[in-house]
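Q: First the structure, which I've put down as structure tokens, then a few questions once you've had a look.
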Amino acid sequence: MPRAKTRKRRFTANEIGRYASVAVMIVSGIFCLVVATLLIANYVQIQAFNPLDNPEMLKLRAQWAAAPDSDEKLLQEIRAMDLLARKAYFTSQAHLKTGGYLLTGGIIVLLVAVRLAARFGPKLPVPEPGAPSASYWASRAYARELLAFTGLAVALIALVSAYFTRFDISLETNGTNETNGANGTNGVNGPNEASPPVTWEILQRNWPSFRGPGGNGVAFHTTAPMDWDLASGKNIKWKTDIPLPGANSPVVWENRVFLSGADANAREVYCFDAESGLTLWTHRVEKMPGTPEKPPKVGEETGFAAPTMAAYGSRVFAIFANGDLVCLDFDGKKQWGKSLGLPDNHYGYSSSLLACENLLFVQYDQKKGGKLYAFDISDGHEVWTADRSALSWASPVCVQTPFGLQLVVNSAKDVDAYDPMSGKRLWNVPCLDGEVAPSPAYGGGMFFVANDMATATAIRFGSGDPPAPEIAWQWDESLPDVASPVCADRHFYLATSRAEIVCLDAATGKERWLQEFDEGFYASPILVGDRIYALDMKGTTIIFKTGDVYEVIGSPKLGEDTLATPAFMDKRIYFRTGKQLVCVAEN
């Protein structure tokens, strides 16, 4: 009868290896215990005191809500404290992420060391008469198991504690992500701490998104030109052709101007020198995992590149009608990209991108399954997502309020406000209807929304803690169907595609004046100092003073079809016409 083959041990007794493994086991065990203790302590501390719910800040907000126009110093104090709270938030998220990684790594090292210590140990001797009984060895084994179980339980409690101190930020990841040369890990909660947020002061010096900083239609440079003519070349600094069509507006960051263009066969991003108009680079967006094989059906006015891009720090972002989202650096090199899936949108996707606080916000509305996304700008991982219940073609705005930073979006039925850092919905006001394209506006402590076939509605913060929103007034006459409203001092302004501009009293909603023109407006009016710039569809810009009475300043002409909202910088305006990018600068 053949002898059975015995399985050789992969490891033989090794005294040095055993001692080294035991040493690593002890050190890693102590390390895991310390990290786990710190994570649990952090959880207890956060439960006792959430930096975003500072009682002193809540008290100051309540004071401001009682008298919003009484004390500018109080408002600045609230903003400063809110900034500190958000810095504490970022620091806490970084500690949690690092602690979770360290604990997971420590546990892996500990388990490997335990296994190696057992493998390198000597073979068990054959028991001799008088040796300890089996019950003795059973009790020793039970003690080891109990110790191991306790250690794993502590580690599990620590990891759970880390998870539940993330302020309810979602960990879901939808869509297909493709990252090149980016830092961070997909699916990790919270913005990447390696890239500090761009301050609001820096955003205000640029034109980083649709309707300017925060998407609110307000220029923080007050030196815009007031006279030009494209045909004669008067005050035209330069003009350059745009290869592919697009309804999106220019965005400007320091000395660079960005646009996108697309047709059924190609999608491109362009970067121009702001001083000369020379093309610095063109990036053709190639297919990525999840890109639809067939282009979507789009309306003639919407096209394949309707959403305005977003610039932030040293990165620029573009999204197209097929749902492809791409991040480039300022040299045109791809950093990451993803497909959000083909949108079910009968006119074509048109919501513009918005970036702030190290996050890229994408209002991805469609007939069913719409989402509001917040992506980390550094690597594109999904920080949070919110379900959308109704379709729209509007774009998000992100503004500083006395109650903190708020991300506000329109839909076909409602106005929703979110905490931009966590995705928590702060409030909801049902006041819209129809096919909503205009975006919200904010000013004077109130949000203002309007849409044709619905109403114009002013929303203010009421009493309570936190303060509940309430409708201040509504107005239902001349209403916009594309252009977004804007707030200036004590007035709200509307520009319609029926060639009307309306001025409403912000406090009461009463009409102050209504002016009719020859051409309608698709571009949104922009506040520049004490002036409003409203660009009509034939290239004429109506410039008028803010106030109770209509007072025109000028009506300079480009003489070309214009649908895109212009970009305003210091002493310059950048227009996108049907085929050209034009820079206006007064001498």
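Residue numbers start at 1 in each chain; chains themselves are named A, B, ... in the order of the structure tokens; ligands are numbered from 1 in the order shown.
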Tell me which protein, DNA and RNA residues are within 12 Å of A:Glu293, counting only C-alpha atoms, leaving out same-chain ones fewer than 2 positions away, and put them as a list of chain:residue names.
A: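 The neighbour list is A:Ala264, A:Asn265, A:Glu286, A:Lys287, A:Met288, A:Pro289, A:Gly290, A:Thr291, A:Pro295, A:Pro296, A:Asn322, A:Gly323, A:Asp324, A:Ser339, A:Gly341, A:Leu342.
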Q: Mind checking which residues fall within 8 Å of A:Pro307, counting only C-alpha atoms, ignoring those fewer than 4 positions away in the same chain, and posting them as a ChimeraX atom specification?
A: /A:247-248,318-320,349-353
Q: Got a sec to tell me which of stretch 400-451 of chain A DSSP assigns to strand (DSSP E or B), as a list in words?
A: Gln400, Thr401, Gly404, Leu405, Gln406, Leu407, Val408, Val409, Asn410, Asp414, Val415, Asp416, Ala417, Tyr418, Arg425, Leu426, Trp427, Asn428, Val429, Pro430, Ala441, Tyr442, Gly443, Met446, Phe447, Phe448, Val449 and Ala450 of chain A
Q: Write the selection just made, keeping C-alpha atoms, as a compact mmCIF listing (two decimals), in the first residue's frame?
A:
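Final output, saved to result_39.txt:
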# COMPACT_ATOMS: atom_id res chain seq x y z
CA GLN A 400 -23.00 83.71 1.28
CA THR A 401 -26.05 84.34 3.46
CA GLY A 404 -23.95 80.34 6.02
CA LEU A 405 -23.09 79.35 2.48
CA GLN A 406 -26.12 78.06 0.56
CA LEU A 407 -26.37 76.24 -2.77
CA VAL A 408 -29.73 77.09 -4.37
CA VAL A 409 -31.29 75.42 -7.42
CA ASN A 410 -34.54 75.76 -9.34
CA ASP A 414 -39.60 74.15 -6.42
CA VAL A 415 -36.68 76.17 -5.17
CA ASP A 416 -34.31 74.04 -3.08
CA ALA A 417 -31.42 75.15 -0.88
CA TYR A 418 -28.61 72.83 0.22
CA ARG A 425 -31.36 70.11 2.09
CA LEU A 426 -31.89 73.25 4.14
CA TRP A 427 -35.24 74.40 2.80
CA ASN A 428 -37.74 74.03 -0.02
CA VAL A 429 -40.30 76.47 -1.43
CA PRO A 430 -42.79 75.28 -4.10
CA ALA A 441 -30.79 85.42 -7.86
CA TYR A 442 -29.83 86.61 -4.37
CA GLY A 443 -29.60 90.08 -2.86
CA MET A 446 -33.71 87.48 -0.24
CA PHE A 447 -33.71 84.93 -3.04
CA PHE A 448 -35.60 85.78 -6.20
CA VAL A 449 -36.87 83.35 -8.85
CA ALA A 450 -39.06 83.78 -11.90
Q: My list of candidates is A:Gly332, A:Gly106, A:Ser497, A:Asp518. Which is closest to A:Val35 when distances are computed with only C-alpha atoms?
A: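 When distances to A:Val35 are compared using only C-alpha atoms, the smallest one comes from A:Gly106.
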Q: Select from stretch 219-245 of chain A every residue with an atom at most 12 Å from any atom of stretch 521-539 of chain A, then for each give the shortest pair of atoms and their distance in Å to one decimal, using only C-alpha atoms, rows by chain and rising number, as JSON lines.
A:
{"residue": "A:Ala219", "atom": "CA", "partner": "A:Val528", "partner_atom": "CA", "distance": 5.2}
{"residue": "A:Phe220", "atom": "CA", "partner": "A:Val528", "partner_atom": "CA", "distance": 7.1}
{"residue": "A:His221", "atom": "CA", "partner": "A:Val528", "partner_atom": "CA", "distance": 6.9}
{"residue": "A:Thr222", "atom": "CA", "partner": "A:Gly529", "partner_atom": "CA", "distance": 4.7}
{"residue": "A:Thr223", "atom": "CA", "partner": "A:Val528", "partner_atom": "CA", "distance": 7.7}
{"residue": "A:Ala224", "atom": "CA", "partner": "A:Val528", "partner_atom": "CA", "distance": 7.1}
{"residue": "A:Pro225", "atom": "CA", "partner": "A:Val528", "partner_atom": "CA", "distance": 10.2}
{"residue": "A:Met226", "atom": "CA", "partner": "A:Tyr533", "partner_atom": "CA", "distance": 9.2}
{"residue": "A:Asp227", "atom": "CA", "partner": "A:Tyr533", "partner_atom": "CA", "distance": 11.7}
{"residue": "A:Trp228", "atom": "CA", "partner": "A:Gly539", "partner_atom": "CA", "distance": 11.4}
{"residue": "A:Asp229", "atom": "CA", "partner": "A:Gly539", "partner_atom": "CA", "distance": 10.2}
{"residue": "A:Leu230", "atom": "CA", "partner": "A:Gly539", "partner_atom": "CA", "distance": 9.6}
{"residue": "A:Ala231", "atom": "CA", "partner": "A:Gly539", "partner_atom": "CA", "distance": 11.5}
Q: My list of candidates is A:Glu519, A:Glu477, A:Glu435, A:Glu586. Which is closest to A:Ala394 when distances are computed with only C-alpha atoms?
A: A:Glu435
Q: Let me make sure I understand: among A:Ser209, A:Thr455, A:Thr546, A:Thr302, which one has the smallest atom-to-atom distance to A:Leu259 if we use only C-alpha atoms?
A: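 Closest candidate: A:Ser209.
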Q: For each of A:Phe575, A:Leu325, A:Tyr550, A:Phe361, take the minimum atom-to-atom distance to A:Pro396, counting only C-alpha atoms, then give the residue where this is smallest.
A: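 Among the listed residues, the smallest separation from A:Pro396 belongs to A:Phe361.
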Q: Considering only C-alpha atoms, state which residue in the set A:Ser260, A:Ser276, A:Thr565, A:Ser232 is at the smallest distance from A:Val316.
A: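 Among the listed residues, A:Ser260 lies closest to A:Val316.
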Q: Determine, counting only C-alpha atoms, which protein, DNA and RNA residues have an atom within 9 Å of an atom of A:Phe517; residues of the same chain fewer than 4 positions away are not included. Present the result as a count of residues only.
A: 4
Q: I'd like the interatomic distance between atom CA of A:Leu432 and atom CA of A:Asn451, to a tenth of an Å.
A: 6.9 Å
Q: Which one of A:Gly462, A:Gly277, A:Gly261, A:Gly445 sits closest to A:Lys237 if you count only C-alpha atoms?
A: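 Closest candidate: A:Gly277.
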